[in-house]
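The file query.cif comes next; it holds mmCIF, C-alpha atoms.
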data_target
loop_
_atom_site.label_atom_id
_atom_site.label_comp_id
_atom_site.auth_asym_id
_atom_site.auth_seq_id
_atom_site.Cartn_x
_atom_site.Cartn_y
_atom_site.Cartn_z
CA MET C 1 122.02 163.79 82.02
CA LYS C 2 118.89 162.96 84.06
CA LYS C 3 116.84 165.26 81.87
CA LEU C 4 118.24 163.55 78.77
CA ILE C 5 117.39 160.08 80.11
CA ARG C 6 113.93 161.26 81.05
CA TYR C 7 113.49 162.76 77.57
CA PHE C 8 114.36 159.52 75.74
CA ILE C 9 112.81 157.03 78.17
CA GLY C 10 109.83 159.05 79.39
CA ASP C 11 108.57 159.72 82.90
CA GLU C 12 106.06 156.84 82.83
CA ASN C 13 108.68 154.27 81.79
CA ILE C 14 111.07 155.54 84.49
CA ARG C 15 108.28 155.15 87.05
CA LYS C 16 107.68 151.57 85.88
CA ILE C 17 111.39 150.73 86.05
CA LYS C 18 111.57 151.96 89.65
CA LEU C 19 108.37 150.11 90.48
CA ASN C 20 109.70 146.85 89.02
CA ARG C 21 112.91 147.19 91.00
CA ARG C 22 111.03 147.70 94.27
CA MET C 23 108.77 144.77 93.43
CA MET C 24 111.75 142.48 92.82
CA VAL C 25 113.44 143.57 96.05
CA ASN C 26 110.28 142.75 98.03
CA TYR C 27 109.67 139.41 96.35
CA MET C 28 113.32 138.45 96.85
CA SER C 29 112.95 139.27 100.54
CA ASP C 30 109.85 137.01 100.68
CA TYR C 31 111.85 134.24 99.00
CA LYS C 32 114.81 134.58 101.37
CA LEU C 33 112.63 134.54 104.50
CA TYR C 34 110.66 131.51 103.31
CA LYS C 35 113.87 129.70 102.46
CA ARG C 36 115.41 130.63 105.80
CA TYR C 37 112.54 129.61 108.06
CA SER C 38 110.05 127.27 106.34
CA THR C 39 110.03 123.55 107.03
CA LEU C 40 110.54 122.98 103.31
CA TYR C 41 114.19 123.97 103.76
CA ASN C 42 114.80 123.59 107.49
CA LYS C 43 114.01 120.99 110.14
CA SER C 44 116.18 122.43 112.90
CA SER C 45 113.90 124.57 115.06
CA LEU C 46 111.30 123.23 117.47
CA GLU C 47 108.63 124.89 115.33
CA ASN C 48 109.89 123.09 112.20
CA LYS C 49 109.85 119.75 114.00
CA GLU C 50 106.40 120.46 115.43
CA ALA C 51 105.10 121.24 111.94
CA ASP C 52 106.34 117.83 110.77
CA LEU C 53 104.66 116.19 113.75
CA ILE C 54 101.30 117.83 113.03
CA LEU C 55 101.40 116.86 109.36
CA ASN C 56 101.98 113.22 110.24
CA TYR C 57 99.74 112.77 113.27
CA HIS C 58 96.82 114.53 111.55
CA SER C 59 97.13 112.04 108.70
CA ILE C 60 96.64 109.24 111.22
CA GLU C 61 93.63 111.08 112.70
CA LYS C 62 92.06 111.13 109.24
CA GLY C 63 92.67 107.39 108.91
CA LEU C 64 90.78 106.86 112.17
CA LEU C 65 87.64 108.39 110.62
CA HIS C 66 86.79 105.31 108.60
CA GLU C 67 84.08 103.06 109.99
CA LYS C 68 86.14 100.01 109.09
CA ILE C 69 89.75 100.72 109.99
CA LYS C 70 92.27 99.21 107.61
CA PRO C 71 94.90 97.44 109.77
CA ARG C 72 98.43 98.80 109.54
CA PHE C 73 97.22 101.94 107.77
CA ALA C 74 99.58 104.93 107.36
CA ARG C 75 102.65 102.84 108.15
CA HIS C 76 105.06 105.42 106.69
CA ARG C 77 103.46 108.13 108.87
CA VAL C 78 103.90 105.99 111.96
CA GLU C 79 107.54 105.31 111.15
CA MET C 80 108.14 109.02 110.61
CA LEU C 81 106.46 109.88 113.91
CA ILE C 82 108.53 107.36 115.84
CA LYS C 83 111.63 109.05 114.47
CA LEU C 84 110.35 112.55 115.22
CA LEU C 85 109.16 111.64 118.72
CA SER C 86 112.59 110.29 119.62
CA ASP C 87 114.11 113.76 119.21
CA ASN C 88 115.33 115.15 122.55
CA SER C 89 113.96 118.67 121.92
CA ILE C 90 110.53 117.17 121.17
CA ARG C 91 110.54 114.98 124.25
CA GLY C 92 111.67 117.92 126.34
CA SER C 93 108.67 119.93 125.10
CA ILE C 94 105.96 117.35 125.72
CA SER C 95 103.92 119.96 127.59
CA ARG C 96 103.21 121.67 124.25
CA SER C 97 99.72 120.75 123.06
CA GLN C 98 100.63 119.54 119.57
CA ILE C 99 103.55 117.44 120.75
CA ARG C 100 101.54 115.88 123.55
CA VAL C 101 98.63 114.98 121.26
CA ALA C 102 101.06 113.41 118.75
CA PHE C 103 102.21 111.02 121.49
CA CYS C 104 98.55 110.34 122.38
CA VAL C 105 97.54 109.57 118.79
CA MET C 106 100.43 107.12 118.52
CA CYS C 107 99.35 105.36 121.70
CA GLU C 108 95.79 105.11 120.40
CA TYR C 109 97.11 103.67 117.12
CA TYR C 110 99.06 100.98 118.96
CA GLU C 111 96.15 100.07 121.25
CA LEU C 112 93.76 99.90 118.30
CA HIS C 113 95.91 97.21 116.73
CA LEU C 114 96.10 95.37 120.05
CA LYS C 115 92.29 95.24 120.09
CA LEU C 116 92.28 94.00 116.50
CA SER C 117 94.96 91.40 117.36
CA VAL C 118 97.08 92.73 114.51
CA ASP C 119 100.86 92.54 114.94
CA ILE C 120 102.66 95.82 114.09
CA GLU C 121 105.91 95.01 115.88
CA ASP C 122 107.84 95.24 112.60
CA PHE C 123 107.30 99.01 112.37
CA PHE C 124 105.90 100.04 115.77
CA PRO C 125 107.68 98.05 118.51
CA LYS C 126 106.09 97.69 121.94
CA VAL C 127 109.18 99.26 123.50
CA GLU C 128 108.35 102.53 121.71
CA TYR C 129 104.74 102.40 122.89
CA ASP C 130 105.88 101.81 126.47
CA GLN C 131 108.23 104.79 126.26
CA PHE C 132 105.42 106.99 124.97
CA ARG C 133 103.13 105.95 127.83
CA THR C 134 105.90 106.62 130.35
CA LEU C 135 106.57 110.08 128.92
CA LEU C 136 102.87 110.99 128.90
CA LYS C 137 102.33 109.82 132.49
CA ASP C 138 98.80 110.88 133.53
CA ASP C 139 98.30 113.02 130.41
CA TYR C 140 97.06 109.97 128.52
CA LYS C 141 93.95 107.91 129.16
CA GLU C 142 92.83 104.87 127.20
CA THR C 143 89.60 106.79 126.52
CA PHE C 144 91.57 109.25 124.34
CA GLU C 145 90.19 109.50 120.79
CA GLY C 146 91.89 111.04 117.78
CA ALA C 147 88.51 110.99 116.03
CA LEU C 148 85.16 112.07 117.49
CA SER C 149 81.76 110.52 116.69
CA PHE C 150 78.62 112.57 116.01
CA ASN C 151 75.10 112.11 114.79
CA LYS C 152 73.72 114.81 112.51
CA ASP C 153 71.22 116.33 114.97
CA GLU C 154 73.82 116.54 117.74
CA PHE C 155 76.38 118.12 115.40
CA TYR C 156 74.10 120.99 114.35
CA LYS C 157 72.40 121.65 117.69
CA HIS C 158 74.42 124.85 118.34
CA ILE C 159 73.86 126.68 115.03
CA GLU C 160 71.41 129.07 116.74
CA SER C 161 73.45 129.21 119.94
CA ASN C 162 75.80 131.90 121.25
CA PHE C 163 78.98 132.42 119.23
CA TYR C 164 81.18 130.53 121.72
CA ASN C 165 79.17 127.33 121.32
CA PHE C 166 78.57 127.89 117.60
CA SER C 167 82.24 128.41 116.78
CA ASN C 168 83.33 125.40 118.82
CA SER C 169 80.75 123.22 117.07
CA ARG C 170 82.13 123.75 113.56
CA LYS C 171 84.20 120.81 112.28
CA SER C 172 85.32 119.55 108.89
CA ILE C 173 83.13 116.68 107.67
CA ARG C 174 84.34 114.14 105.11
CA HIS C 175 81.41 111.71 105.14
CA PHE C 176 78.80 112.75 102.57
CA THR C 177 75.66 110.95 101.36
CA GLY C 178 76.23 112.00 97.74
CA GLU C 179 73.03 114.08 97.80
CA LYS C 180 73.44 117.57 96.32
CA ILE C 181 72.65 120.78 98.21
CA ASP C 182 70.03 123.09 96.67
CA VAL C 183 71.70 126.02 94.93
CA ASP C 184 69.43 128.45 96.82
CA ARG C 185 70.82 127.17 100.11
CA ILE C 186 74.38 127.60 98.86
CA GLN C 187 73.60 131.13 97.70
CA ASN C 188 72.24 131.98 101.14
CA ALA C 189 75.49 130.79 102.71
CA ILE C 190 77.58 132.84 100.27
CA ALA C 191 75.43 135.93 100.88
CA LEU C 192 76.01 135.57 104.62
CA ALA C 193 79.75 135.00 104.10
CA SER C 194 80.01 138.17 102.02
CA ASN C 195 79.87 140.33 105.15
CA ALA C 196 83.52 139.37 105.68
CA PRO C 197 85.76 142.45 105.95
CA SER C 198 88.24 143.21 103.18
CA VAL C 199 90.94 145.83 102.68
CA CYS C 200 89.27 149.17 101.83
CA ASN C 201 86.04 147.21 101.26
CA ARG C 202 87.29 145.96 97.87
CA GLN C 203 85.50 142.60 98.19
CA ALA C 204 87.77 140.77 95.76
CA SER C 205 86.61 137.23 96.60
CA LYS C 206 84.61 134.96 94.27
CA VAL C 207 83.06 131.55 94.81
CA TYR C 208 82.67 128.98 92.02
CA LEU C 209 80.26 126.04 92.38
CA ILE C 210 81.43 122.93 90.50
CA GLN C 211 78.81 120.20 90.02
CA ASN C 212 80.18 118.17 87.12
CA LYS C 213 81.54 115.00 88.72
CA ASP C 214 84.35 114.58 86.16
CA ASP C 215 85.54 118.14 86.82
CA ILE C 216 85.28 117.62 90.58
CA ASP C 217 87.39 114.46 90.40
CA LYS C 218 90.04 116.19 88.28
CA VAL C 219 90.30 119.09 90.75
CA LEU C 220 90.45 116.73 93.74
CA GLU C 221 93.13 114.66 92.03
CA VAL C 222 95.29 117.78 91.85
CA GLN C 223 94.41 118.72 95.44
CA GLY C 224 95.24 115.23 96.70
CA GLY C 225 94.08 115.55 100.32
CA LEU C 226 90.63 113.94 100.18
CA ASN C 227 91.64 110.52 98.91
CA GLY C 228 89.25 107.87 100.15
CA TYR C 229 86.32 110.30 100.37
CA THR C 230 85.91 111.53 96.78
CA ASP C 231 83.22 109.09 95.58
CA LYS C 232 80.37 110.90 97.30
CA ILE C 233 81.61 114.45 96.76
CA ARG C 234 79.13 115.79 94.20
CA GLN C 235 79.65 119.51 94.75
CA LEU C 236 82.79 121.56 95.17
CA LEU C 237 83.23 125.24 96.00
CA ILE C 238 86.33 127.01 94.78
CA LEU C 239 87.17 130.27 96.53
CA THR C 240 89.36 132.75 94.67
CA ASN C 241 90.59 136.28 95.23
CA ASP C 242 91.32 138.67 92.36
CA ARG C 243 94.72 140.37 92.10
CA ARG C 244 93.19 143.20 90.05
CA TYR C 245 91.85 144.80 93.23
CA TYR C 246 95.30 145.50 94.73
CA TYR C 247 97.57 148.35 93.75
CA THR C 248 100.62 148.74 96.02
CA ILE C 249 103.74 146.62 96.47
CA GLY C 250 102.88 146.28 100.14
CA GLU C 251 99.61 144.61 99.10
CA ARG C 252 101.35 141.90 97.08
CA ASN C 253 100.08 139.22 99.51
CA GLN C 254 96.85 140.94 100.57
CA PHE C 255 94.72 138.62 98.42
CA TYR C 256 95.75 135.72 100.66
CA ILE C 257 94.65 137.68 103.73
CA ASP C 258 91.32 138.86 102.33
CA GLY C 259 90.70 135.44 100.81
CA GLY C 260 91.46 133.77 104.14
CA VAL C 261 89.09 136.05 106.04
CA PHE C 262 86.33 135.32 103.50
CA LEU C 263 87.08 131.58 103.73
CA MET C 264 86.55 131.47 107.49
CA ASN C 265 83.29 133.39 107.16
CA MET C 266 82.28 130.98 104.40
CA LEU C 267 82.90 127.95 106.61
CA TYR C 268 80.83 129.45 109.42
CA SER C 269 78.04 130.29 106.96
CA LEU C 270 77.97 126.77 105.53
CA HIS C 271 77.80 125.38 109.05
CA TYR C 272 74.93 127.75 109.90
CA TYR C 273 72.93 126.48 106.92
CA LYS C 274 73.73 122.84 107.84
CA ILE C 275 75.84 122.28 104.76
CA ALA C 276 78.51 119.72 105.58
CA ASN C 277 81.89 120.94 104.39
CA CYS C 278 85.58 120.18 104.35
CA PRO C 279 88.08 122.87 103.31
CA ALA C 280 90.98 121.36 101.37
CA ASN C 281 94.42 122.95 101.33
CA TRP C 282 95.42 124.54 98.03
CA GLY C 283 99.18 124.99 98.42
CA LYS C 284 99.96 124.13 94.80
CA MET C 285 102.70 125.02 92.36
CA ILE C 286 101.88 126.97 89.21
CA ASN C 287 102.10 123.96 86.90
CA GLU C 288 99.59 122.08 89.08
CA GLU C 289 97.25 125.06 89.17
CA ALA C 290 97.41 125.64 85.41
CA SER C 291 95.35 122.54 84.57
CA VAL C 292 92.59 123.57 86.98
CA TYR C 293 92.48 127.15 85.68
CA LYS C 294 92.15 125.82 82.14
CA LEU C 295 89.57 123.19 83.07
CA LEU C 296 87.29 125.67 84.87
CA ASP C 297 88.08 128.75 82.76
CA ILE C 298 89.21 130.83 85.74
CA SER C 299 91.04 134.08 84.99
CA GLU C 300 94.77 134.06 85.75
CA SER C 301 94.19 137.32 87.65
CA GLU C 302 92.48 135.24 90.34
CA LYS C 303 94.30 133.20 92.95
CA ILE C 304 92.67 130.00 94.22
CA ILE C 305 92.56 130.28 98.01
CA CYS C 306 90.82 127.03 98.89
CA VAL C 307 88.59 124.27 97.56
CA ILE C 308 85.69 123.20 99.78
CA ALA C 309 83.90 119.88 99.45
CA ILE C 310 80.22 120.30 100.36
CA GLY C 311 77.15 118.10 100.64
CA GLU C 312 74.66 116.49 102.97
CA SER C 313 76.35 114.66 105.82
CA GLU C 314 75.62 111.07 106.69
CA SER C 315 73.35 110.57 109.71
CA LYS C 316 76.37 109.40 111.72
CA PHE C 317 79.96 110.37 111.07
CA ARG C 318 83.35 110.98 112.64
CA VAL C 319 85.57 114.06 112.61
CA THR C 320 89.21 114.47 113.53
CA LEU C 321 90.08 115.67 117.02
CA SER C 322 92.31 118.40 115.53
CA LYS C 323 93.44 119.50 118.98
CA ARG C 324 93.53 123.30 119.38
CA ARG C 325 96.46 125.08 120.94
CA PRO C 326 95.67 126.63 124.34
CA VAL C 327 95.72 130.42 124.49
CA GLU C 328 98.99 130.29 126.49
CA GLU C 329 100.77 129.01 123.37
CA ILE C 330 99.51 131.70 121.01
CA PHE C 331 98.92 134.81 123.12
CA ILE C 332 102.02 136.95 123.73
CA ILE C 333 102.05 140.18 125.73
CA LYS C 334 104.93 142.52 124.89
#

Once more with this new file: its structure as structure tokens, please.
Amino acid sequence: MKKLIRYFIGDENIRKIKLNRRMMVNYMSDYKLYKRYSTLYNKSSLENKEADLILNYHSIEKGLLHEKIKPRFARHRVEMLIKLLSDNSIRGSISRSQIRVAFCVMCEYYELHLKLSVDIEDFFPKVEYDQFRTLLKDDYKETFEGALSFNKDEFYKHIESNFYNFSNSRKSIRHFTGEKIDVDRIQNAIALASNAPSVCNRQASKVYLIQNKDDIDKVLEVQGGLNGYTDKIRQLLILTNDRRYYYTIGERNQFYIDGGVFLMNMLYSLHYYKIANCPANWGKMINEEASVYKLLDISESEKIICVIAIGESESKFRVTLSKRRPVEEIFIIK
């Protein structure tokens, strides 16, 4: 019977049928695990709640970057944070870096409005602020800042330094002058970034430079995370990774890994060449991506990994604190 099936179907078609079945089993497993654990579907674990906290407090940090703060900004984020920070498991884990800094950002927000003499009692009552200060105890000082100020010379002073200082000096910049970077300088940064390792040295990453302002605005409208800063973004890098370079089921997500490694090298390289940059998350659904692929004529074999706004920075600017986790939270010895 097997010989008969093989005769009519053919060995190559049988191989493809088996391959498709294995592919479906693996993708279904990916789906089940994402559904089981991601914050999209679940808000029950401490990690899920912490993810929600980070999303909301980082939004407030970005609001603090503006030279002229808009009073009562990000109200819905503040209301969400008050709700999240009232959770007993969150309050019981205030020693965790991201939870502690969320409380600190909220205190800074409240005190900022006190200084501005702006009443926010209708959505951020003083009783909540007092509770936050009590919970933080000595972990909060009124000198805390969710956004850090730099001048251009100070920001780039470590680009020739040792790697420890260099790496710690890299930050995402959102304040651009509108002046374009010379293409030669961008090429130098990409050439340096290309020493990033990749699986079996396949080097599947590509970088597109977009300079048409209409195209940039359309891409950023889809991206949605740089609102308020788009006027002076005159150049945009789009990093992709090509699926055609991968050939096993186990490598079905390898393009994200190789693309991510290249992205980090790219950000370091841009910083080295004093090109201000801000990587923008590209977690988009296929219908959102389709318009960008069509607009820029990118092959569907390529996956967009990230879009990076680039340009000359203003002489003075602010960056988000973006508090890093201490090694104790991420290093596990088994």

Atom pair CA of Leu116 (chain C) + CA of Leu65 (chain C), distance 16.2 Å

Neighbours of Ser38 (chain C) within 12 Å (all atoms listed in the file; same-chain residues fewer than 6 positions away dropped), as a tab-separated table (two decimals) with C-alpha atoms, in the frame of the given file?
chain	number	residue	atom	x	y	z
C	30	ASP	CA	109.85	137.01	100.68
C	31	TYR	CA	111.85	134.24	99.00
C	32	LYS	CA	114.81	134.58	101.37
C	44	SER	CA	116.18	122.43	112.90
C	45	SER	CA	113.90	124.57	115.06
C	46	LEU	CA	111.30	123.23	117.47
C	47	GLU	CA	108.63	124.89	115.33
C	48	ASN	CA	109.89	123.09	112.20
C	49	LYS	CA	109.85	119.75	114.00
C	50	GLU	CA	106.40	120.46	115.43
C	51	ALA	CA	105.10	121.24	111.94
C	52	ASP	CA	106.34	117.83	110.77

Taken to one decimal, the CA of Tyr164 (chain C)-CA of Lys274 (chain C) distance is 17.5 Å

Computed interatomic separation between CA of Ser301 (chain C) and CA of Pro279 (chain C) (Å): 22.2 Å

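Against the coordinates shown, the PyMOL selection byres ((chain C and resi 245-249) around 9) returns C:Leu19, C:Arg22, C:Met23, C:Asn26, C:Arg202, C:Gln203, C:Ala204, C:Asn241, C:Asp242, C:Arg243, C:Arg244, C:Gly250, C:Glu251, C:Arg252, C:Asn253, C:Gln254, C:Phe255.
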
Output as lines of an AutoDock Vina configuration file the centre and edge lengths (Å, one decimal) of the box along x, y and z of the file that holds every listed atom of region 36-55 of chain C after adding 8 Å on each side.
center_x = 108.7
center_y = 123.4
center_z = 110.4
size_x = 30.9
size_y = 30.4
size_z = 30.2

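Minimum atom-to-atom distances from C:Ile216, C:Ile120, C:Ala280, C:Leu64 to Leu148 (chain C) were compared using only C-alpha atoms, and the lowest value belongs to C:Leu64.
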
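Among the candidate residues C:Ser291, C:Ser205, C:Ser93, C:Thr320, the one lying nearest to Ile190 (chain C) is C:Ser205, with distances computed using only C-alpha atoms.
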
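In this comparison, which uses all atoms listed in the file, the residue of C:Leu209, C:Ile233, C:Cys278, C:Cys306 approaching Tyr256 (chain C) most closely is C:Cys306.
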
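When only C-alpha atoms are used to measure the gap to His158 (chain C), the shortest distance among C:Val307, C:Lys137, C:Asp297, C:Tyr268 belongs to C:Tyr268.
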
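Distances here use only C-alpha atoms; by that measure, the residue among C:Phe103, C:Tyr27, C:Tyr34, C:Tyr208 closest to Tyr57 (chain C) is C:Phe103.
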
In terms of the shortest atom-to-atom distance over only C-alpha atoms, which of C:Ser269, C:Ile275, C:His76, C:Gly260 is closest to Ile304 (chain C)? C:Gly260
